[in-house]
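Source file data_14.cif; content: mmCIF, C-alpha atoms.
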```cif
data_work
loop_
_atom_site.label_atom_id
_atom_site.label_comp_id
_atom_site.auth_asym_id
_atom_site.auth_seq_id
_atom_site.Cartn_x
_atom_site.Cartn_y
_atom_site.Cartn_z
CA MET T 161 31.11 -63.61 -14.45
CA SER T 162 31.32 -62.61 -10.79
CA VAL T 163 29.95 -59.43 -9.24
CA GLY T 164 31.70 -57.72 -6.33
CA THR T 165 29.97 -56.89 -3.08
CA GLY T 166 29.70 -53.16 -3.95
CA GLY T 167 28.24 -53.99 -7.37
CA ALA T 168 25.68 -56.35 -5.84
CA GLN T 169 24.57 -53.71 -3.35
CA SER T 170 24.25 -51.13 -6.15
CA ALA T 171 22.19 -53.56 -8.21
CA LEU T 172 19.97 -54.27 -5.20
CA ARG T 173 19.38 -50.55 -4.58
CA ALA T 174 18.56 -50.01 -8.25
CA ARG T 175 16.13 -52.95 -8.21
CA ASP T 176 14.44 -51.64 -5.04
CA ALA T 177 14.13 -48.16 -6.53
CA ARG T 178 12.61 -49.55 -9.72
CA GLY T 179 10.18 -51.63 -7.72
CA ALA T 180 9.26 -48.72 -5.50
CA SER T 181 8.83 -46.45 -8.49
CA ALA T 182 6.62 -49.00 -10.22
CA SER T 183 4.44 -49.37 -7.13
CA ARG T 184 4.29 -45.67 -6.50
CA HIS T 185 1.09 -45.04 -8.40
CA ASP T 186 -0.42 -48.31 -7.17
CA ASP T 187 -0.20 -47.06 -3.59
CA THR T 188 -0.84 -43.34 -3.92
CA ALA T 189 -2.13 -42.33 -7.33
CA GLY T 190 -5.70 -43.21 -6.39
CA ALA T 191 -6.04 -40.58 -3.70
CA GLY T 192 -9.78 -41.18 -3.84
CA PRO T 193 -11.92 -43.90 -5.41
CA GLY T 194 -11.80 -43.36 -9.14
CA LEU T 195 -10.02 -40.01 -8.88
CA GLY T 196 -6.64 -41.16 -10.21
CA ILE T 197 -4.73 -38.23 -8.72
CA ASP T 198 -1.02 -38.14 -9.48
CA PRO T 199 1.01 -37.33 -6.33
CA ASP T 200 3.06 -34.91 -8.42
CA ASP T 201 -0.10 -32.81 -8.88
CA LEU T 202 -0.45 -32.22 -5.14
CA PRO T 203 0.70 -28.81 -3.83
CA ASP T 204 2.33 -30.19 -0.67
CA GLY T 205 5.28 -32.51 -0.41
CA ILE T 206 4.13 -36.12 0.08
CA VAL T 207 6.44 -38.91 1.22
CA VAL T 208 5.06 -42.42 1.77
CA ALA T 209 6.96 -45.29 3.40
CA ASP T 210 5.82 -48.92 3.36
CA GLU T 211 5.54 -51.37 6.27
CA HIS T 212 9.31 -51.90 6.16
CA GLY T 213 10.10 -48.19 6.38
CA ARG T 214 11.19 -47.84 2.75
CA VAL T 215 10.08 -44.86 0.68
CA ILE T 216 7.58 -45.83 -2.04
CA CYS T 217 6.38 -42.33 -2.95
CA PHE T 218 8.34 -39.09 -3.12
CA ASN T 219 6.39 -36.54 -5.13
CA ALA T 220 7.66 -33.50 -7.06
CA ALA T 221 6.82 -31.04 -4.26
CA ALA T 222 8.80 -33.14 -1.76
CA ALA T 223 11.76 -33.16 -4.14
CA ARG T 224 11.52 -29.38 -4.50
CA ILE T 225 11.25 -28.72 -0.76
CA THR T 226 14.03 -31.12 0.28
CA ALA T 227 16.27 -30.61 -2.79
CA VAL T 228 16.52 -34.42 -3.03
CA PRO T 229 15.67 -36.00 -6.42
CA ALA T 230 12.85 -38.53 -6.23
CA ALA T 231 15.05 -41.18 -7.86
CA GLU T 232 17.50 -40.93 -4.95
CA ALA T 233 14.81 -41.11 -2.28
CA LEU T 234 12.73 -44.01 -3.63
CA GLY T 235 13.64 -47.35 -2.08
CA ARG T 236 15.67 -45.84 0.77
CA ARG T 237 14.85 -45.98 4.44
CA LEU T 238 12.57 -43.14 5.55
CA GLU T 239 15.05 -41.79 8.09
CA SER T 240 17.75 -41.78 5.40
CA ALA T 241 15.69 -40.23 2.59
CA LEU T 242 14.19 -37.66 4.95
CA PRO T 243 16.72 -37.01 7.76
CA LEU T 244 14.73 -34.62 9.91
CA GLU T 245 15.80 -33.06 13.21
CA ASP T 246 13.81 -31.06 15.72
CA LEU T 247 14.81 -27.55 16.75
CA GLU T 248 16.97 -29.00 19.54
CA GLY T 249 19.01 -31.12 17.12
CA ARG T 250 17.46 -34.51 17.96
CA ARG T 251 16.90 -37.00 15.13
CA TRP T 252 13.15 -36.95 14.57
CA TRP T 253 12.47 -40.51 13.40
CA GLN T 254 14.48 -42.01 16.25
CA LEU T 255 12.59 -39.79 18.66
CA THR T 256 9.09 -40.62 17.37
CA ASP T 257 9.73 -44.25 16.27
CA PRO T 258 6.59 -44.58 14.08
CA TYR T 259 6.96 -48.34 13.56
CA GLY T 260 7.93 -49.39 17.06
CA GLY T 261 6.24 -46.76 19.20
CA LEU T 262 2.83 -46.77 20.86
CA ALA T 263 0.33 -48.82 18.89
CA ILE T 264 -2.48 -46.35 19.59
CA ARG T 265 -0.78 -43.49 17.72
CA ASN T 266 -2.23 -42.64 14.33
CA SER T 267 -0.57 -39.32 13.51
CA GLN T 268 1.94 -36.63 14.35
CA PRO T 269 0.67 -33.02 14.48
CA GLU T 270 2.27 -30.40 12.27
CA ARG T 271 5.48 -28.92 13.65
CA ASN T 272 8.62 -27.13 12.55
CA LEU T 273 11.54 -29.46 11.80
CA LEU T 274 14.93 -29.01 10.18
CA LEU T 275 16.36 -30.53 7.01
CA PRO T 276 20.11 -31.02 6.57
CA GLY T 277 21.66 -27.59 6.23
CA GLY T 278 19.23 -26.06 8.72
CA ARG T 279 16.34 -25.38 6.34
CA GLU T 280 13.05 -25.27 8.25
CA VAL T 281 9.96 -27.15 7.03
CA LEU T 282 6.49 -27.87 8.40
CA VAL T 283 5.99 -31.61 8.85
CA SER T 284 2.95 -33.69 9.76
CA ALA T 285 2.55 -37.47 9.54
CA ARG T 286 -0.17 -40.09 9.44
CA TYR T 287 0.33 -43.73 10.49
CA VAL T 288 -1.89 -46.02 8.43
CA ARG T 289 -2.93 -49.25 10.18
CA THR T 290 -5.19 -51.98 8.78
CA ARG T 291 -6.79 -52.37 12.21
CA PRO T 292 -6.71 -50.40 15.48
CA THR T 293 -3.44 -50.94 17.39
CA GLY T 294 -2.24 -53.11 14.51
CA PRO T 295 1.17 -52.75 12.85
CA VAL T 296 1.89 -49.67 10.74
CA ARG T 297 1.38 -50.44 7.05
CA ARG T 298 2.18 -46.97 5.70
CA VAL T 299 3.69 -43.78 7.04
CA VAL T 300 2.45 -40.76 5.09
CA VAL T 301 4.45 -37.59 5.62
CA CYS T 302 3.29 -34.13 4.50
CA LEU T 303 5.92 -31.41 3.95
CA ARG T 304 5.24 -27.71 3.59
CA ASP T 305 7.59 -24.85 2.93
CA THR T 306 7.62 -22.27 5.72
CA GLU T 307 8.20 -19.28 3.43
CA ALA T 308 4.51 -18.47 2.97
CA ARG T 309 3.93 -18.65 6.72
CA ARG T 310 6.98 -16.50 7.35
CA ARG T 311 5.64 -13.89 4.91
CA THR T 312 2.35 -13.90 6.81
CA GLU T 313 4.16 -13.54 10.12
CA ARG T 314 6.24 -10.67 8.74
CA SER T 315 3.07 -9.04 7.45
CA HIS T 316 1.48 -9.31 10.89
CA ALA T 317 4.62 -7.93 12.54
CA GLU T 318 4.64 -4.99 10.11
CA LEU T 319 0.95 -4.42 10.81
CA ILE T 320 1.54 -4.31 14.57
CA ALA T 321 4.57 -2.02 14.21
CA THR T 322 2.75 0.37 11.87
CA VAL T 323 -0.38 0.46 14.03
CA ALA T 324 1.73 1.13 17.12
CA HIS T 325 3.42 4.01 15.31
CA GLU T 326 0.11 5.42 14.05
CA LEU T 327 -1.43 5.23 17.52
CA ARG T 328 1.54 6.69 19.38
CA SER T 329 1.36 10.15 17.84
CA PRO T 330 -2.32 11.01 18.53
CA LEU T 331 -2.30 9.32 21.93
CA THR T 332 0.79 11.28 22.94
CA SER T 333 -1.00 14.47 21.91
CA VAL T 334 -4.18 13.53 23.79
CA LYS T 335 -2.22 12.60 26.91
CA GLY T 336 -0.08 15.73 26.79
CA PHE T 337 -2.92 18.21 26.31
CA THR T 338 -5.25 16.60 28.85
CA ALA T 339 -2.48 16.47 31.47
CA THR T 340 -1.62 20.11 30.80
CA LEU T 341 -5.24 21.22 31.07
CA LEU T 342 -5.80 19.31 34.30
CA ALA T 343 -2.63 20.68 35.90
CA LYS T 344 -2.86 24.30 34.73
CA TRP T 345 -6.50 24.93 33.83
CA GLU T 346 -6.67 28.41 35.39
CA ARG T 347 -3.58 29.67 33.54
CA PHE T 348 -5.07 29.33 30.05
CA THR T 349 -7.49 31.60 28.28
CA ASP T 350 -10.70 30.26 26.84
CA ASP T 351 -9.28 30.44 23.32
CA GLN T 352 -6.21 28.42 24.36
CA LYS T 353 -8.40 25.81 26.06
CA LYS T 354 -10.60 25.58 23.00
CA LEU T 355 -7.58 25.08 20.71
CA MET T 356 -6.20 22.29 22.89
CA LEU T 357 -9.58 20.57 23.19
CA GLU T 358 -10.07 20.77 19.41
CA THR T 359 -6.66 19.13 18.97
CA VAL T 360 -7.59 16.39 21.45
CA ASP T 361 -10.88 15.85 19.62
CA ALA T 362 -9.16 15.61 16.22
CA ASP T 363 -6.56 13.15 17.52
CA ALA T 364 -9.26 11.05 19.20
CA ASN T 365 -11.03 10.91 15.84
CA ARG T 366 -7.78 9.67 14.25
CA VAL T 367 -7.55 6.86 16.77
CA THR T 368 -11.22 5.94 16.29
CA ARG T 369 -10.80 5.91 12.51
CA LEU T 370 -7.69 3.71 12.71
CA ILE T 371 -9.42 1.21 14.99
CA ALA T 372 -12.40 1.09 12.63
CA GLU T 373 -10.06 0.44 9.68
CA LEU T 374 -8.30 -2.35 11.58
CA LEU T 375 -11.64 -3.99 12.36
CA ASP T 376 -12.57 -3.76 8.67
CA ILE T 377 -9.26 -5.40 7.71
CA SER T 378 -9.87 -8.20 10.21
CA ARG T 379 -13.33 -8.86 8.78
CA ILE T 380 -12.09 -8.74 5.18
CA ASP T 381 -9.15 -11.08 5.84
CA SER T 382 -11.33 -13.59 7.69
CA GLY T 383 -14.18 -13.41 5.17
CA ARG T 384 -16.59 -12.10 7.83
CA LEU T 385 -17.44 -8.76 6.23
CA GLU T 386 -21.22 -8.49 6.51
CA LEU T 387 -23.23 -6.76 3.78
CA ARG T 388 -26.74 -5.43 4.37
CA ARG T 389 -27.96 -5.07 0.82
CA GLN T 390 -30.74 -2.68 -0.13
CA PRO T 391 -31.52 -0.45 -3.12
CA VAL T 392 -28.83 2.23 -3.53
CA ASP T 393 -29.00 5.36 -5.67
CA ILE T 394 -25.31 5.57 -6.52
CA GLY T 395 -25.67 8.90 -8.34
CA ALA T 396 -27.30 10.54 -5.33
CA ALA T 397 -24.63 9.05 -3.04
CA VAL T 398 -21.86 10.62 -5.13
CA GLY T 399 -23.75 13.92 -5.15
CA ARG T 400 -23.90 13.96 -1.34
CA HIS T 401 -20.12 13.54 -1.08
CA ILE T 402 -19.53 16.39 -3.54
CA GLN T 403 -21.92 18.67 -1.63
CA ALA T 404 -20.07 17.91 1.61
CA TYR T 405 -16.74 18.96 0.05
CA VAL T 406 -18.25 22.15 -1.37
CA ALA T 407 -19.76 22.97 2.05
CA SER T 408 -16.32 22.50 3.65
CA GLY T 409 -14.72 25.07 1.31
CA GLN T 410 -13.80 23.24 -1.88
CA PRO T 411 -14.79 25.17 -5.05
CA ALA T 412 -17.83 23.69 -6.74
CA ASP T 413 -16.19 23.81 -10.16
CA ARG T 414 -13.51 21.39 -9.00
CA PHE T 415 -15.99 18.51 -9.29
CA LEU T 416 -17.59 17.12 -12.42
CA LEU T 417 -20.30 14.47 -12.00
CA ARG T 418 -21.49 12.66 -15.12
CA ILE T 419 -24.29 10.11 -14.82
CA GLU T 420 -25.35 8.02 -17.79
CA GLN T 421 -29.04 7.25 -17.60
CA PRO T 422 -30.87 5.01 -17.19
CA LEU T 423 -28.98 3.26 -14.41
CA PRO T 424 -30.13 -0.25 -13.43
CA ALA T 425 -31.36 -0.86 -9.89
CA LEU T 426 -28.35 -1.42 -7.63
CA TRP T 427 -28.53 -3.64 -4.55
CA ALA T 428 -25.65 -2.99 -2.18
CA ASP T 429 -24.73 -2.03 1.37
CA PRO T 430 -25.18 1.77 1.38
CA ASP T 431 -22.80 2.36 4.30
CA LYS T 432 -20.04 0.31 2.68
CA ILE T 433 -20.55 2.02 -0.70
CA ASP T 434 -20.34 5.40 1.05
CA GLN T 435 -17.04 4.23 2.55
CA VAL T 436 -15.70 3.34 -0.91
CA LEU T 437 -16.82 6.64 -2.46
CA SER T 438 -15.49 8.67 0.48
CA ASN T 439 -12.04 7.10 0.20
CA LEU T 440 -11.72 7.42 -3.58
CA ILE T 441 -12.99 11.01 -3.74
CA GLU T 442 -10.89 12.05 -0.73
CA ASN T 443 -7.78 10.59 -2.39
CA ALA T 444 -8.53 12.49 -5.59
CA VAL T 445 -9.05 15.76 -3.68
CA ARG T 446 -6.10 15.37 -1.32
CA HIS T 447 -3.49 13.79 -3.58
CA GLY T 448 -4.67 14.88 -7.03
CA GLU T 449 -4.99 18.23 -8.77
CA GLY T 450 -7.36 19.97 -11.14
CA THR T 451 -10.90 18.74 -11.76
CA VAL T 452 -12.10 15.61 -9.98
CA THR T 453 -14.35 13.74 -12.43
CA ILE T 454 -16.81 11.07 -11.32
CA ASP T 455 -18.49 9.02 -14.04
CA VAL T 456 -21.38 6.71 -13.17
CA ALA T 457 -22.65 4.45 -15.94
CA PRO T 458 -24.29 1.09 -16.62
CA SER T 459 -21.97 -1.54 -17.99
CA VAL T 460 -21.54 -5.27 -18.50
CA SER T 461 -19.26 -7.50 -16.44
CA PRO T 462 -16.02 -8.01 -18.40
CA ARG T 463 -15.69 -11.46 -16.84
CA GLU T 464 -19.09 -12.80 -17.90
CA ARG T 465 -20.45 -11.29 -21.09
CA SER T 466 -23.56 -12.90 -22.51
CA ASP T 467 -26.49 -12.10 -24.76
CA ASP T 468 -28.63 -11.38 -21.71
CA GLU T 469 -27.34 -7.96 -20.69
CA GLY T 470 -29.52 -7.83 -17.59
CA THR T 471 -28.04 -11.00 -16.13
CA ASN T 472 -24.46 -9.68 -16.09
CA ALA T 473 -25.21 -5.96 -15.77
CA VAL T 474 -23.03 -3.88 -13.48
CA THR T 475 -22.83 -0.28 -12.42
CA SER T 476 -19.41 1.25 -12.99
CA VAL T 477 -18.05 4.25 -11.11
CA THR T 478 -14.87 5.99 -12.25
CA VAL T 479 -13.07 8.61 -10.15
CA SER T 480 -10.23 10.49 -11.85
CA ASP T 481 -8.17 13.63 -11.33
CA GLU T 482 -5.66 15.73 -13.25
CA GLY T 483 -2.66 15.40 -10.97
CA THR T 484 0.65 13.64 -11.54
CA GLY T 485 -0.96 10.21 -11.23
CA ILE T 486 0.51 7.03 -9.81
CA PRO T 487 3.88 5.79 -11.12
CA GLU T 488 3.67 2.68 -13.26
CA GLU T 489 5.96 0.74 -10.91
CA SER T 490 3.55 1.39 -8.02
CA MET T 491 0.35 0.35 -9.79
CA ASN T 492 0.53 -3.25 -8.54
CA ARG T 493 0.95 -2.12 -4.90
CA VAL T 494 -1.87 0.43 -4.72
CA PHE T 495 -4.34 -1.95 -3.04
CA THR T 496 -1.88 -3.43 -0.54
CA ARG T 497 -1.75 -2.56 3.14
CA PHE T 498 -0.03 0.67 4.16
CA TRP T 499 0.65 1.81 0.60
CA ARG T 500 0.87 5.59 0.47
CA GLY T 501 0.99 7.54 -2.76
CA SER T 502 2.38 10.62 -1.01
CA LYS T 503 3.35 11.89 2.42
CA ARG T 504 0.16 13.87 2.89
CA GLY T 505 -1.16 11.88 5.84
CA GLY T 506 -3.40 8.83 5.91
CA THR T 507 -2.79 5.36 7.27
CA GLY T 508 -2.39 3.65 3.91
CA LEU T 509 -5.21 1.22 4.72
CA GLY T 510 -8.04 2.89 2.82
CA LEU T 511 -7.52 1.39 -0.64
CA TYR T 512 -6.95 -2.07 0.81
CA ILE T 513 -10.34 -1.81 2.53
CA VAL T 514 -11.96 -0.37 -0.61
CA LYS T 515 -10.82 -3.38 -2.62
CA GLY T 516 -12.11 -5.76 0.05
CA ILE T 517 -15.54 -4.07 0.13
CA VAL T 518 -15.92 -4.02 -3.66
CA GLU T 519 -14.91 -7.67 -3.98
CA ALA T 520 -17.25 -8.65 -1.12
CA HIS T 521 -20.05 -7.22 -3.28
CA GLY T 522 -18.87 -9.41 -6.18
CA GLY T 523 -17.38 -6.45 -8.04
CA THR T 524 -13.95 -5.47 -9.31
CA ILE T 525 -11.71 -2.42 -8.91
CA THR T 526 -8.81 -1.27 -11.08
CA VAL T 527 -6.39 1.62 -11.16
CA GLY T 528 -4.87 3.31 -14.17
CA ARG T 529 -3.96 6.65 -15.73
CA ALA T 530 -6.74 9.14 -16.40
CA PRO T 531 -7.10 10.96 -19.76
CA GLY T 532 -6.04 14.15 -17.96
CA GLY T 533 -2.85 12.51 -16.71
CA GLY T 534 -3.87 11.85 -13.12
CA ALA T 535 -4.96 8.70 -11.32
CA GLU T 536 -8.12 6.87 -12.37
CA PHE T 537 -9.93 4.39 -10.14
CA ARG T 538 -12.80 2.38 -11.60
CA PHE T 539 -14.96 -0.05 -9.68
CA THR T 540 -17.96 -2.09 -10.76
CA LEU T 541 -20.82 -3.49 -8.72
CA PRO T 542 -23.24 -6.23 -9.85
CA VAL T 543 -26.84 -5.00 -9.92
CA ALA T 544 -28.69 -8.32 -9.74
CA THR T 545 -31.42 -8.64 -7.11
CA PRO T 546 -30.25 -10.70 -4.10
CA ALA T 547 -31.23 -14.36 -4.27
CA TYR T 548 -33.28 -14.19 -1.07
CA LEU T 549 -35.65 -11.70 -2.76
CA LEU T 550 -36.23 -13.80 -5.85
#
```

Take the structure in the file and write it out as structure tokens.
Amino acid sequence: MSVGTGGAQSALRARDARGASASRHDDTAGAGPGLGIDPDDLPDGIVVADEHGRVICFNAAAARITAVPAAEALGRRLESALPLEDLEGRRWWQLTDPYGGLAIRNSQPERNLLLPGGREVLVSARYVRTRPTGPVRRVVVCLRDTEARRRTERSHAELIATVAHELRSPLTSVKGFTATLLAKWERFTDDQKKLMLETVDADANRVTRLIAELLDISRIDSGRLELRRQPVDIGAAVGRHIQAYVASGQPADRFLLRIEQPLPALWADPDKIDQVLSNLIENAVRHGEGTVTIDVAPSVSPRERSDDEGTNAVTSVTVSDEGTGIPEESMNRVFTRFWRGSKRGGTGLGLYIVKGIVEAHGGTITVGRAPGGGAEFRFTLPVATPAYLL
């Protein structure tokens, strides 16, 4: 029985693919000595070509990113299985020539390249040589989807646009009033001057507060938020905030503070905890209605319950009001940047910072509906003594 040329070529490709598939785990499954890691378990796309430039590994992530089934890619030439182009339309493998290029090259840095159809991916490569300047034995290509990076870039662009908008209004006011006072000082009465200077002062405070919030966000996002832990009387801290609101004109009967004794000793950063309490109570006063209730009580971490209550003890603080509350569809966005529950001012950064501060302390924060129908925020703080004091 004779086989035509086309049939022979098909049989050869099938044999190569089977051989490549069989050797796939031999070459790449042992990502570390004794680890036995399956390439399909890796989060990034991994493509490996042998010394002849044929693909011997094409993991599940690579198949998902390129929309090419692994069975089609295995055994093919690298430039055929992964036809990449740079942003100027040049064929990438012809341009870099990993097998015939400079013998001192060991890698290609990550860069944006295009798949057929114009889809953009992040690509980096490593050239594996058995000896320096020796021939390339393996080309290992890492593929990453750009969507996550694009979301981050969009988030940064939105942050810049929102900050610019928030800064423009108070700075315009400051500039306008100061220019007017300098040009026409003698024409205004003392009361008019005082009003304009008070406005300038208030707007300058807005700018200062926004800059402080942006610095907090930067520290939270980069994991550089510093905590200076010391004993904190959380009940007394809440009491001070309530007294400040009463002194500023709020009726005393609008606040209800309930403290369950005895409270365990709490080690935390007092300034940061004041920042959390200030934001939550201010939100309840400004956006809520009726009585603002603050409950402070000892509790046990819901994540790590054990027989030893002291080991996993936490202090919980709940701030609730009797307003309309937060719509169910918005609950999952409350702690994101620039979320605003109403149009009553604010930058929308406060709750994002609150969450970052609480989590930096090792605590948790949740939002829900209060028994009175309003919003209810509850955060917990571990009370264990810092390790450096033990």

Find the residues around region 202-205 of chain T up to 6 Å (only C-alpha atoms counted), leave out those fewer than 3 positions away in its own chain, and share them as a VMD selection string. chain T and resid 199 221 to 222 302 to 304

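With distances restricted to all atoms listed in the file, T:Asp381 is the closest residue to Thr312 (chain T) from T:Ile433, T:Val543, T:Asp381, T:Gln254.
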
Who sits within 7 Å of Glu270 (chain T), only C-alpha atoms, same chain under 4 positions skipped, as a compact mmCIF listing (two decimals) with C-alpha atoms, in the coordinates of the input:
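File selection.txt, as written:
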```txt
# COMPACT_ATOMS: atom_id res chain seq x y z
CA LEU T 282 6.49 -27.87 8.40
CA VAL T 283 5.99 -31.61 8.85
CA SER T 284 2.95 -33.69 9.76
```

So how far away is CA of Asp361 (chain T) from CA of Pro411 (chain T), in Å? 26.7 Å

Picked residues, the PyMOL selection byres ((chain T and resi 395) around 9), as a PyMOL selection string: chain T and resi 392-394+396-400+417-419+423+456

May I ask for the distance between CA of Thr524 (chain T) and CA of Leu375 (chain T), given in Å to one decimal place?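 We find that CA of Thr524 (chain T) and CA of Leu375 (chain T) lie 21.8 Å from each other.
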
If you count only C-alpha atoms, which residues fall within 12 Å of Arg414 (chain T), apart from same-chain ones fewer than 2 positions away, as a ChimeraX atom specification? /T:402-403,405-406,409-412,416-417,441,444-445,448-454,480-482

What does the distance between CA of Asp200 (chain T) and CA of Phe218 (chain T) come to in Å, to one decimal place?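 So the answer is 8.6 Å.
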
Nearby residues (all atoms listed in the file) at most 10 Å from Leu255 (chain T), same-chain spacing under 4 positions excluded, as a PDB file with C-alpha atoms, in the frame of the given file:
```pdb
ATOM      1  CA  GLU T 245      15.800 -33.060  13.210  1.00  0.00           C
ATOM      2  CA  ASP T 246      13.810 -31.060  15.720  1.00  0.00           C
ATOM      3  CA  ARG T 250      17.460 -34.510  17.960  1.00  0.00           C
ATOM      4  CA  ARG T 251      16.900 -37.000  15.130  1.00  0.00           C
ATOM      5  CA  GLY T 261       6.240 -46.760  19.200  1.00  0.00           C
TER       6      GLY T 261
END
```

Find the spatial neighbours of Ser315 (chain T), counting all atoms listed in the file, within a cut-off of 10 Å - ignore same-chain residues fewer than 6 positions away - and output them as an mmCIF file with C-alpha atoms, in the frame of the given file.
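Output (result-v7.cif):
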```cif
data_model
loop_
_atom_site.group_PDB
_atom_site.id
_atom_site.type_symbol
_atom_site.label_atom_id
_atom_site.label_comp_id
_atom_site.auth_asym_id
_atom_site.auth_seq_id
_atom_site.Cartn_x
_atom_site.Cartn_y
_atom_site.Cartn_z
ATOM 1 C CA ARG T 309 3.930 -18.650 6.720
ATOM 2 C CA ALA T 321 4.570 -2.020 14.210
ATOM 3 C CA ARG T 497 -1.750 -2.560 3.140
#
```

Using only C-alpha atoms, find the one residue out of T:Arg366, T:His521, T:Arg493, T:Arg286 that sits nearest to Arg389 (chain T).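 The shortest atom-to-atom distance to Arg389 (chain T) comes from T:His521.
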
Exactly which residues make up the result of the PyMOL selection byres ((chain T and resi 289) around 10) on this file, given as number ranges by chain? T: 211, 263-266, 286-288, 290-299

I'd like to see the residues matched by the PyMOL selection byres ((chain T and resi 272) around 6) on this file, and ideally I'd get them as a ChimeraX atom specification. /T:271,273,281-282

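Among the candidates T:Leu342, T:Ile225, T:Val494, T:Leu242, the one nearest to Lys515 (chain T) when counting only C-alpha atoms is T:Val494.
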